[in-house]
Number of protein chains: 2
Amino acid sequence: MARPRASADGRQPRATIESVAEHAHVSRQTVSNALNAPHRLRPDTLERVLRSISDLGYRPNHAARTLRIQATRLVACRLMPSNYGGTEGVLDRFLHVLCEACRHRGYDVLSFAANSDEEEIAVYDDLLRRTAVDGFLIAGTHFVDPRAAWLRDRGAPFVAFGRPWGLSRPGHSWVDVDGAQGIADAVEHLVGLGHRRIGFVGWPEGSGVGDDRRSGWLRQATARRLPVRGLDVRGEDGIASGASLTERLLDAANPPTAIVCVSDAMAVGALDVLADRGLQPGRDVAVVGFDDSLVASVIRPGLTSVRQPLEQVAEKVVELLLEHLSGTRTKPARVLLPPALVIRGSSAASPRARFIHRKKENQ
Amino acid sequence: MARPRASADGRQPRATIESVAEHAHVSRQTVSNALNAPHRLRPDTLERVLRSISDLGYRPNHAARTLRIQATRLVACRLMPSNYGGTEGVLDRFLHVLCEACRHRGYDVLSFAANSDEEEIAVYDDLLRRTAVDGFLIAGTHFVDPRAAWLRDRGAPFVAFGRPWGLSRPGHSWVDVDGAQGIADAVEHLVGLGHRRIGFVGWPEGSGVGDDRRSGWLRQATARRLPVRGLDVRGEDGIASGASLTERLLDAANPPTAIVCVSDAMAVGALDVLADRGLQPGRDVAVVGFDDSLVASVIRPGLTSVRQPLEQVAEKVVELLLEHLSGTRTKPARVLLPPALVIRGSSAASPRARFIHRKKENQ
DNA sequence: GCAGTCCGTTTGAACGATCAATTTCGCTTC
DNA sequence: GAAGCGAAATTGATCGTTCAAACGGACTGC
């Protein structure tokens, strides 16, 4: 009654290449070839073997395959600290696509947490020595980032989400979002609404990402011959910080009619200040953030924000890493993707600003 | 000049058990014992071998070890769809601790994305047949969840975050947060502020989680002899839905002075309605949400919300799964953790409500 | 009729670790 | 000094797969 190869608890034992071979009356290697080099088999043999494979539900044992071919078909990805500014949810979106893209191509993602670069490198070291993964995806590069150099020294394949700030000749592939362009688009959008005095709330000098975004503001403001003096403030990221920086802008002799912020957290702070002063976002002062976090869509009257194409970034990062792993690509790639401006209530048409604008034009 | 075993590009080849054995002048097995059964070695031999291990930076090859001991030391965890309601960031927090807890105990996490139960089960099947993981962590159980039953049928070890709603005798371990208690605490908090008419904005009947949370409202309201008739509305999750349900409550003949919501998304909708009507949250009408999402802390004047102890859940889930894997635990465990109420401006002391309350007490 | 090709399939070896069985060592005892 | 014994270290087998080489049969050409 009991099937011959069934285990004690009634469950079928896992199919191995040997059991499939037996079932199809061929040798191990023929089964292996059916999956890895089907052209080597006679059509009728191939069909018979494939049938046995599907009958027994056979899939090559991961460890055995890994051991033999010296490739794990696993890539490691670090999770950002959970208190990562106001960008919660951004990682969710990125990681989701990352996993999907990998699995779609026969890879899986091993994710791990780390709270510092050193900790992260320690995990890299562990995973490499154990040959537990084939490569790495590193996210959130910053100035003088030790991780890329470390990986490069070991010859470990990896692709970064984020530019190698401060390095002129990076030896690795990276994908990034053109933050400067995103901010420039925001400025252009505000100009279109009639704004001429556009402030920028940024991070302290020295952070690659922050400086890049600021440069977009400066570039576009200059191109449009807008004033920039005294319209540029900097401080640590955060809602409270964004609020105090905004106050400084608004209290100046000649305050801006629009404020572009380096992050949504800063922008939320800006909106708080407007609310405190009885100013209406979008009508009295326009505000733009960066990241299109969940908060941007939830907060009233909606925060216009620069949205990173995380899905595309994840796809591209995976594509590049797998190219490196397969040896298809030897030279590092540099990919810069354009972000999109999501327009909401905080930068609705501003009649007052328009009026000022027209008056100046008519002069 | 070149070191003998160095590869062409100058990097050291990965250390194997054999190379360590050679270096320490012992056999393979002695090296293995130094790590897995150190008591079998003479102290001086142990020291010598351990020194060689650290000199060469040896770590057992993951695949080889897996193949031999038939255990991968990997657990799989599914990522929720990225559009998972307003709870973005909640997963971040959970996953982070999950990975940390696993790594701390010598395990790693393989994460994958799936957009439906069927897709998720297909991945389970793949991972099991390839012997790619030892066990599973499943999150977000719902009514008549096919996943638990499927895994149980295969004899795959797993632990769920979320109760097996609808099953009276679950055969597996689970950890969950006592949502009913959380909502009851919220009601009690509002009672303490002087509220007597407390409404509940819930999800449609039939979702285990939603019904559980509603029961907490009903239980506590009944215990405090508060009115419940007409104070109970239901609808799909979301901001728009929360807004329309709130309007229905406020437009009733005898509207509530406080509203407890089944989720932060609903609560945000409620706050929107208050703003539209010129009512001040916390002073005119109190609002409480659930999940303590980022939005709750960012939105003005702050949303009081029930916070799940995700860190503890993750720790416990991992602990249980590893107990099952090691065979330490045979009987399934059931763990219910209490949430915490995070109080913010949306439920600040309400003078008006207090006044009504006092008047009634004085009667 | 026999060597030479080619195609399809099989056999042997290896990947790097651990388990099980065996051998060697060091010490006591008669 | 040989036997006995427990501890310490070694060797052989195995996990499940793929690579490399060998093999056998059918077909070709002289």
# chains A, B, ... in the order shown; residues from 1 in each chain; ligands from 1

call {"tool": "select_by_dssp", "arguments": {"residues": "stretch 90-248 of chain A", "states": "strand (DSSP E)", "output": "ChimeraX atom specification"}}
result
/A:108-113,135-139,158-161,173-177,198-202,232-234

call {"tool": "write_last_selection", "arguments": {"atoms": "C-alpha atoms", "output": "mmCIF file, in the first residue's frame"}}
result
data_model
loop_
_atom_site.group_PDB
_atom_site.id
_atom_site.type_symbol
_atom_site.label_atom_id
_atom_site.label_comp_id
_atom_site.auth_asym_id
_atom_site.auth_seq_id
_atom_site.Cartn_x
_atom_site.Cartn_y
_atom_site.Cartn_z
ATOM 1 C CA ASP A 108 17.454 35.100 -4.845
ATOM 2 C CA VAL A 109 18.155 37.913 -2.429
ATOM 3 C CA LEU A 110 19.774 37.478 0.937
ATOM 4 C CA SER A 111 18.996 40.556 2.987
ATOM 5 C CA PHE A 112 20.773 41.590 6.117
ATOM 6 C CA ALA A 113 20.707 44.483 8.522
ATOM 7 C CA GLY A 135 27.636 39.478 -5.374
ATOM 8 C CA PHE A 136 26.379 42.540 -3.597
ATOM 9 C CA LEU A 137 23.965 45.362 -4.109
ATOM 10 C CA ILE A 138 24.904 48.376 -2.073
ATOM 11 C CA ALA A 139 22.531 51.248 -1.561
ATOM 12 C CA PHE A 158 28.858 44.486 -6.843
ATOM 13 C CA VAL A 159 26.735 47.310 -8.161
ATOM 14 C CA ALA A 160 25.890 50.441 -6.228
ATOM 15 C CA PHE A 161 22.700 52.436 -6.069
ATOM 16 C CA SER A 173 29.113 49.988 -11.931
ATOM 17 C CA TRP A 174 26.541 52.244 -10.403
ATOM 18 C CA VAL A 175 23.013 53.436 -10.970
ATOM 19 C CA ASP A 176 21.720 56.669 -9.579
ATOM 20 C CA VAL A 177 18.922 59.154 -9.873
ATOM 21 C CA ILE A 198 12.790 80.517 -5.012
ATOM 22 C CA GLY A 199 14.592 79.427 -1.869
ATOM 23 C CA PHE A 200 16.443 76.209 -1.220
ATOM 24 C CA VAL A 201 16.481 74.291 2.068
ATOM 25 C CA GLY A 202 19.418 71.880 1.966
ATOM 26 C CA ASP A 232 19.979 79.257 0.347
ATOM 27 C CA VAL A 233 19.955 77.709 3.835
ATOM 28 C CA ARG A 234 21.420 74.460 5.130
#

call {"tool": "closest_atom_pairs", "arguments": {"of": "chain B", "to": "chain D", "cutoff": "10 Å", "atoms": "only C-alpha atoms (C1' of nucleotides)", "output": "tab-separated table"}}
result
residue	atom	partner	partner_atom	distance
B:Val26	CA	D:DA9	C1'	7.9
B:Ser27	CA	D:DT10	C1'	6.7
B:Arg28	CA	D:DT10	C1'	8.8
B:Gln29	CA	D:DT10	C1'	7.8
B:Thr30	CA	D:DA9	C1'	6.9
B:Arg40	CA	D:DA8	C1'	7.2
B:Leu41	CA	D:DA8	C1'	6.5
B:Arg42	CA	D:DA8	C1'	7.0
B:Thr45	CA	D:DA8	C1'	9.7
B:Ala64	CA	D:DC15	C1'	8.5
B:Arg65	CA	D:DC15	C1'	9.2
B:Thr66	CA	D:DC15	C1'	8.6
B:Leu67	CA	D:DC15	C1'	5.1
B:Arg68	CA	D:DC15	C1'	4.6
B:Ile69	CA	D:DC15	C1'	7.7
B:Gln70	CA	D:DC15	C1'	7.6

call {"tool": "write_last_selection", "arguments": {"atoms": "C-alpha atoms", "output": "JSON list (two decimals), in the first residue's frame"}}
result
[["chain", "number", "residue", "atom", "x", "y", "z"],
["B", 26, "VAL", "CA", 46.57, 18.20, 11.12],
["B", 27, "SER", "CA", 43.86, 16.46, 9.15],
["B", 28, "ARG", "CA", 40.60, 17.80, 7.73],
["B", 29, "GLN", "CA", 38.55, 16.27, 10.47],
["B", 30, "THR", "CA", 40.58, 17.84, 13.23],
["B", 40, "ARG", "CA", 37.69, 16.41, 21.29],
["B", 41, "LEU", "CA", 41.02, 18.19, 20.74],
["B", 42, "ARG", "CA", 43.98, 18.41, 23.03],
["B", 45, "THR", "CA", 46.22, 21.24, 19.19],
["B", 64, "ALA", "CA", 29.44, 22.19, 1.29],
["B", 65, "ARG", "CA", 28.22, 22.38, 4.83],
["B", 66, "THR", "CA", 24.62, 22.62, 3.69],
["B", 67, "LEU", "CA", 24.99, 19.61, 1.44],
["B", 68, "ARG", "CA", 26.46, 17.49, 4.16],
["B", 69, "ILE", "CA", 24.31, 18.43, 7.15],
["B", 70, "GLN", "CA", 21.15, 18.87, 5.10]]

call {"tool": "select_by_dssp", "arguments": {"residues": "stretch 29-233 of chain A", "states": "helix (DSSP H, G or I)", "output": "count of residues only"}}
result
100

call {"tool": "closest_atom_pairs", "arguments": {"of": "chain C", "to": "chain A", "cutoff": "9 Å", "atoms": "only C-alpha atoms (C1' of nucleotides)", "output": "tab-separated table"}}
result
residue	atom	partner	partner_atom	distance
C:DC7	C1'	A:Arg40	CA	8.6
C:DG8	C1'	A:Leu41	CA	6.5
C:DT9	C1'	A:Thr30	CA	7.0
C:DT10	C1'	A:Ser27	CA	6.6
C:DA14	C1'	A:Arg68	CA	7.8
C:DC15	C1'	A:Arg68	CA	4.6
C:DG16	C1'	A:Leu67	CA	7.5

call {"tool": "write_last_selection", "arguments": {"atoms": "C-alpha atoms (C1' of nucleotides)", "output": "mmCIF file, in the first residue's frame"}}
result
data_model
loop_
_atom_site.group_PDB
_atom_site.id
_atom_site.type_symbol
_atom_site.label_atom_id
_atom_site.label_comp_id
_atom_site.auth_asym_id
_atom_site.auth_seq_id
_atom_site.Cartn_x
_atom_site.Cartn_y
_atom_site.Cartn_z
ATOM 1 C "C1'" DC C 7 26.162 11.726 -32.046
ATOM 2 C "C1'" DG C 8 24.004 10.355 -27.805
ATOM 3 C "C1'" DT C 9 24.784 8.500 -23.520
ATOM 4 C "C1'" DT C 10 27.389 6.783 -19.590
ATOM 5 C "C1'" DA C 14 35.535 16.779 -8.130
ATOM 6 C "C1'" DC C 15 33.321 20.678 -5.380
ATOM 7 C "C1'" DG C 16 34.124 21.196 0.501
#

call {"tool": "closest_residue", "arguments": {"among": "B:Ala240, B:Val191, B:Val209, B:Leu231", "to": "chain A", "atoms": "only C-alpha atoms"}}
result
B:Ala240

call {"tool": "closest_residue", "arguments": {"among": "B:Ala21, B:Met266, B:Val317, B:Leu294", "to": "chain A", "atoms": "only C-alpha atoms"}}
result
B:Leu294

call {"tool": "closest_residue", "arguments": {"among": "A:Gly192, A:Tyr124, A:Leu50, A:Arg129", "to": "A:Leu151", "atoms": "only C-alpha atoms"}}
result
A:Tyr124

call {"tool": "residues_around", "arguments": {"residues": "A:His172", "least_positions_apart": "3", "cutoff": "12 Å", "atoms": "only C-alpha atoms (C1' of nucleotides)", "output": "tab-separated table (two decimals) with N, CA and C atoms, in the first residue's frame"}}
result
chain	number	residue	atom	x	y	z
A	136	PHE	N	27.01	41.62	-4.54
A	136	PHE	CA	26.38	42.54	-3.60
A	136	PHE	C	25.69	43.70	-4.30
A	137	LEU	N	24.61	44.13	-3.69
A	137	LEU	CA	23.97	45.36	-4.11
A	137	LEU	C	24.10	46.32	-2.96
A	138	ILE	N	24.77	47.44	-3.18
A	138	ILE	CA	24.90	48.38	-2.07
A	138	ILE	C	24.14	49.65	-2.37
A	147	ARG	N	32.88	51.15	1.63
A	147	ARG	CA	32.36	49.84	1.23
A	147	ARG	C	32.79	49.46	-0.17
A	148	ALA	N	32.66	50.41	-1.09
A	148	ALA	CA	33.00	50.11	-2.48
A	148	ALA	C	34.47	49.71	-2.60
A	149	ALA	N	35.33	50.47	-1.94
A	149	ALA	CA	36.75	50.17	-2.01
A	149	ALA	C	37.04	48.79	-1.43
A	150	TRP	N	36.41	48.48	-0.34
A	150	TRP	CA	36.62	47.19	0.31
A	150	TRP	C	36.23	46.05	-0.63
A	151	LEU	N	35.07	46.17	-1.21
A	151	LEU	CA	34.59	45.12	-2.12
A	151	LEU	C	35.51	45.00	-3.34
A	152	ARG	N	35.93	46.13	-3.84
A	152	ARG	CA	36.78	46.11	-5.02
A	152	ARG	C	38.10	45.39	-4.70
A	153	ASP	N	38.65	45.69	-3.52
A	153	ASP	CA	39.91	45.04	-3.12
A	153	ASP	C	39.78	43.52	-3.10
A	155	GLY	N	37.80	41.86	-4.94
A	155	GLY	CA	37.36	41.36	-6.24
A	155	GLY	C	35.94	40.83	-6.20
A	156	ALA	N	35.14	41.31	-5.25
A	156	ALA	CA	33.75	40.86	-5.15
A	156	ALA	C	32.88	41.67	-6.11
A	157	PRO	N	32.09	40.99	-6.92
A	157	PRO	CA	31.21	41.71	-7.84
A	157	PRO	C	30.14	42.50	-7.07
A	158	PHE	N	29.93	43.72	-7.47
A	158	PHE	CA	28.86	44.49	-6.84
A	158	PHE	C	28.45	45.66	-7.73
A	159	VAL	N	27.24	46.12	-7.49
A	159	VAL	CA	26.74	47.31	-8.16
A	159	VAL	C	26.15	48.21	-7.10
A	160	ALA	N	26.36	49.50	-7.24
A	160	ALA	CA	25.89	50.44	-6.23
A	160	ALA	C	24.68	51.23	-6.72
A	161	PHE	N	23.75	51.46	-5.82
A	161	PHE	CA	22.70	52.44	-6.07
A	161	PHE	C	23.20	53.71	-5.41
A	162	GLY	N	23.62	54.65	-6.24
A	162	GLY	CA	24.23	55.86	-5.69
A	162	GLY	C	25.61	56.06	-6.31
A	163	ARG	N	25.92	57.28	-6.61
A	163	ARG	CA	27.20	57.57	-7.24
A	163	ARG	C	28.34	57.48	-6.24
A	164	PRO	N	29.52	57.14	-6.72
A	164	PRO	CA	30.69	57.12	-5.83
A	164	PRO	C	31.19	58.53	-5.60
A	167	LEU	N	34.98	60.11	-5.71
A	167	LEU	CA	35.92	59.33	-6.51
A	167	LEU	C	35.79	59.73	-7.96
A	168	SER	N	36.91	60.06	-8.57
A	168	SER	CA	36.84	60.51	-9.95
A	168	SER	C	36.75	59.32	-10.91
A	169	ARG	N	37.49	58.23	-10.57
A	169	ARG	CA	37.51	57.09	-11.49
A	169	ARG	C	37.05	55.83	-10.79
A	175	VAL	N	24.25	52.87	-10.44
A	175	VAL	CA	23.01	53.44	-10.97
A	175	VAL	C	22.60	54.51	-9.99
A	317	VAL	N	19.95	47.91	-11.57
A	317	VAL	CA	21.00	47.45	-10.67
A	317	VAL	C	21.16	45.94	-10.77
A	320	LEU	N	22.65	44.92	-14.19
A	320	LEU	CA	24.09	45.13	-14.26
A	320	LEU	C	24.87	44.10	-13.45
A	321	LEU	N	24.37	43.84	-12.25
A	321	LEU	CA	25.10	42.88	-11.41
A	321	LEU	C	25.15	41.51	-12.08
A	324	HIS	N	27.70	41.41	-14.73
A	324	HIS	CA	29.05	41.24	-14.17
A	324	HIS	C	29.28	39.79	-13.76
A	329	ARG	N	29.66	41.54	-18.91
A	329	ARG	CA	30.16	42.91	-18.81
A	329	ARG	C	31.48	42.93	-18.06
A	330	THR	N	32.45	43.63	-18.63
A	330	THR	CA	33.72	43.76	-17.92
A	330	THR	C	33.95	45.20	-17.50
A	331	LYS	N	33.53	46.11	-18.38
A	331	LYS	CA	33.71	47.52	-18.03
A	331	LYS	C	32.56	48.00	-17.16
A	332	PRO	N	32.87	48.82	-16.16
A	332	PRO	CA	31.81	49.33	-15.28
A	332	PRO	C	30.84	50.25	-16.04
A	333	ALA	N	29.59	50.18	-15.65
A	333	ALA	CA	28.56	51.03	-16.27
A	333	ALA	C	28.18	52.16	-15.32
A	334	ARG	N	27.81	53.26	-15.91
A	334	ARG	CA	27.33	54.40	-15.13
A	334	ARG	C	25.96	54.80	-15.67
A	335	VAL	N	24.95	54.65	-14.84
A	335	VAL	CA	23.58	54.92	-15.29
A	335	VAL	C	22.95	55.99	-14.43

call {"tool": "residues_around", "arguments": {"residues": "B:Ala132", "least_positions_apart": "3", "cutoff": "8 Å", "atoms": "only C-alpha atoms (C1' of nucleotides)", "output": "list in words"}}
result
Asn61, His62 and Ala63 of chain A; Thr72, Leu74, Leu127, Leu128 and Arg129 of chain B

call {"tool": "write_last_selection", "arguments": {"atoms": "N, CA and C atoms", "output": "CSV table (one decimal), in the first residue's frame"}}
result
chain,number,residue,atom,x,y,z
A,61,ASN,N,19.1,20.3,-6.3
A,61,ASN,CA,19.4,20.7,-5.0
A,61,ASN,C,20.4,22.0,-5.0
A,62,HIS,N,20.0,23.0,-4.3
A,62,HIS,CA,20.7,24.2,-4.4
A,62,HIS,C,22.1,24.1,-3.9
A,63,ALA,N,22.3,23.5,-2.8
A,63,ALA,CA,23.7,23.4,-2.2
A,63,ALA,C,24.6,22.6,-3.1
B,72,THR,N,20.3,24.4,5.6
B,72,THR,CA,20.8,25.6,4.9
B,72,THR,C,21.2,26.8,5.8
B,74,LEU,N,19.2,29.0,6.4
B,74,LEU,CA,18.6,30.2,5.8
B,74,LEU,C,17.1,30.0,6.0
B,127,LEU,N,11.5,26.8,-3.3
B,127,LEU,CA,12.6,26.8,-2.3
B,127,LEU,C,12.7,25.5,-1.6
B,128,LEU,N,11.6,24.9,-1.4
B,128,LEU,CA,11.6,23.6,-0.7
B,128,LEU,C,12.2,22.5,-1.5
B,129,ARG,N,11.8,22.4,-2.8
B,129,ARG,CA,12.3,21.4,-3.7
B,129,ARG,C,13.8,21.5,-3.9

call {"tool": "closest_residue", "arguments": {"among": "A:Gly182, A:Gly140, A:Gly166, A:Gly106", "to": "chain B", "atoms": "only C-alpha atoms"}}
result
A:Gly106

call {"tool": "closest_residue", "arguments": {"among": "A:Ala180, A:Val313, A:Val318, A:Leu336", "to": "A:Arg93", "atoms": "only C-alpha atoms"}}
result
A:Val313

call {"tool": "residues_around", "arguments": {"residues": "A:Pro256", "least_positions_apart": "3", "cutoff": "12 Å", "atoms": "only C-alpha atoms (C1' of nucleotides)", "output": "ChimeraX atom specification"}}
result
/A:190,195-201,226-233,246-253,259-260,284-287,353

call {"tool": "write_last_selection", "arguments": {"atoms": "C-alpha atoms", "output": "JSON list (two decimals), in the first residue's frame"}}
result
[["chain", "number", "residue", "atom", "x", "y", "z"],
["A", 190, "LEU", "CA", 7.74, 76.95, -9.98],
["A", 195, "HIS", "CA", 7.63, 82.40, -8.98],
["A", 196, "ARG", "CA", 10.86, 84.40, -9.17],
["A", 197, "ARG", "CA", 12.22, 84.21, -5.65],
["A", 198, "ILE", "CA", 12.79, 80.52, -5.01],
["A", 199, "GLY", "CA", 14.59, 79.43, -1.87],
["A", 200, "PHE", "CA", 16.44, 76.21, -1.22],
["A", 201, "VAL", "CA", 16.48, 74.29, 2.07],
["A", 226, "LEU", "CA", 16.52, 84.27, -10.72],
["A", 227, "PRO", "CA", 17.99, 85.69, -7.52],
["A", 228, "VAL", "CA", 19.88, 83.22, -5.34],
["A", 229, "ARG", "CA", 21.60, 85.37, -2.72],
["A", 230, "GLY", "CA", 20.20, 84.82, 0.74],
["A", 231, "LEU", "CA", 17.80, 82.19, -0.59],
["A", 232, "ASP", "CA", 19.98, 79.26, 0.35],
["A", 233, "VAL", "CA", 19.95, 77.71, 3.83],
["A", 246, "THR", "CA", 12.24, 77.88, 6.66],
["A", 247, "GLU", "CA", 11.66, 80.45, 9.37],
["A", 248, "ARG", "CA", 15.04, 81.89, 8.62],
["A", 249, "LEU", "CA", 14.13, 82.20, 4.95],
["A", 250, "LEU", "CA", 10.76, 83.77, 5.61],
["A", 251, "ASP", "CA", 12.11, 86.23, 8.15],
["A", 252, "ALA", "CA", 14.70, 87.60, 5.75],
["A", 253, "ALA", "CA", 14.34, 91.07, 4.26],
["A", 259, "ILE", "CA", 10.81, 76.89, -1.23],
["A", 260, "VAL", "CA", 12.45, 73.83, -2.67],
["A", 284, "ASP", "CA", 0.93, 82.08, -0.30],
["A", 285, "VAL", "CA", 4.16, 80.11, -0.47],
["A", 286, "ALA", "CA", 4.87, 77.08, -2.64],
["A", 287, "VAL", "CA", 6.78, 74.14, -1.19],
["A", 353, "ALA", "CA", 3.22, 85.32, -7.27]]

call {"tool": "atom_distance", "arguments": {"atom1": "atom CA of A:Ala296", "atom2": "atom CA of B:Gln308"}}
result
23.5 Å

call {"tool": "atom_distance", "arguments": {"atom1": "atom CA of B:Arg59", "atom2": "atom C1' of C:DT18"}}
result
14.4 Å

call {"tool": "closest_residue", "arguments": {"among": "B:Gly206, B:Pro301, B:Pro146, B:Gly289", "to": "chain A", "atoms": "only C-alpha atoms"}}
result
B:Pro301
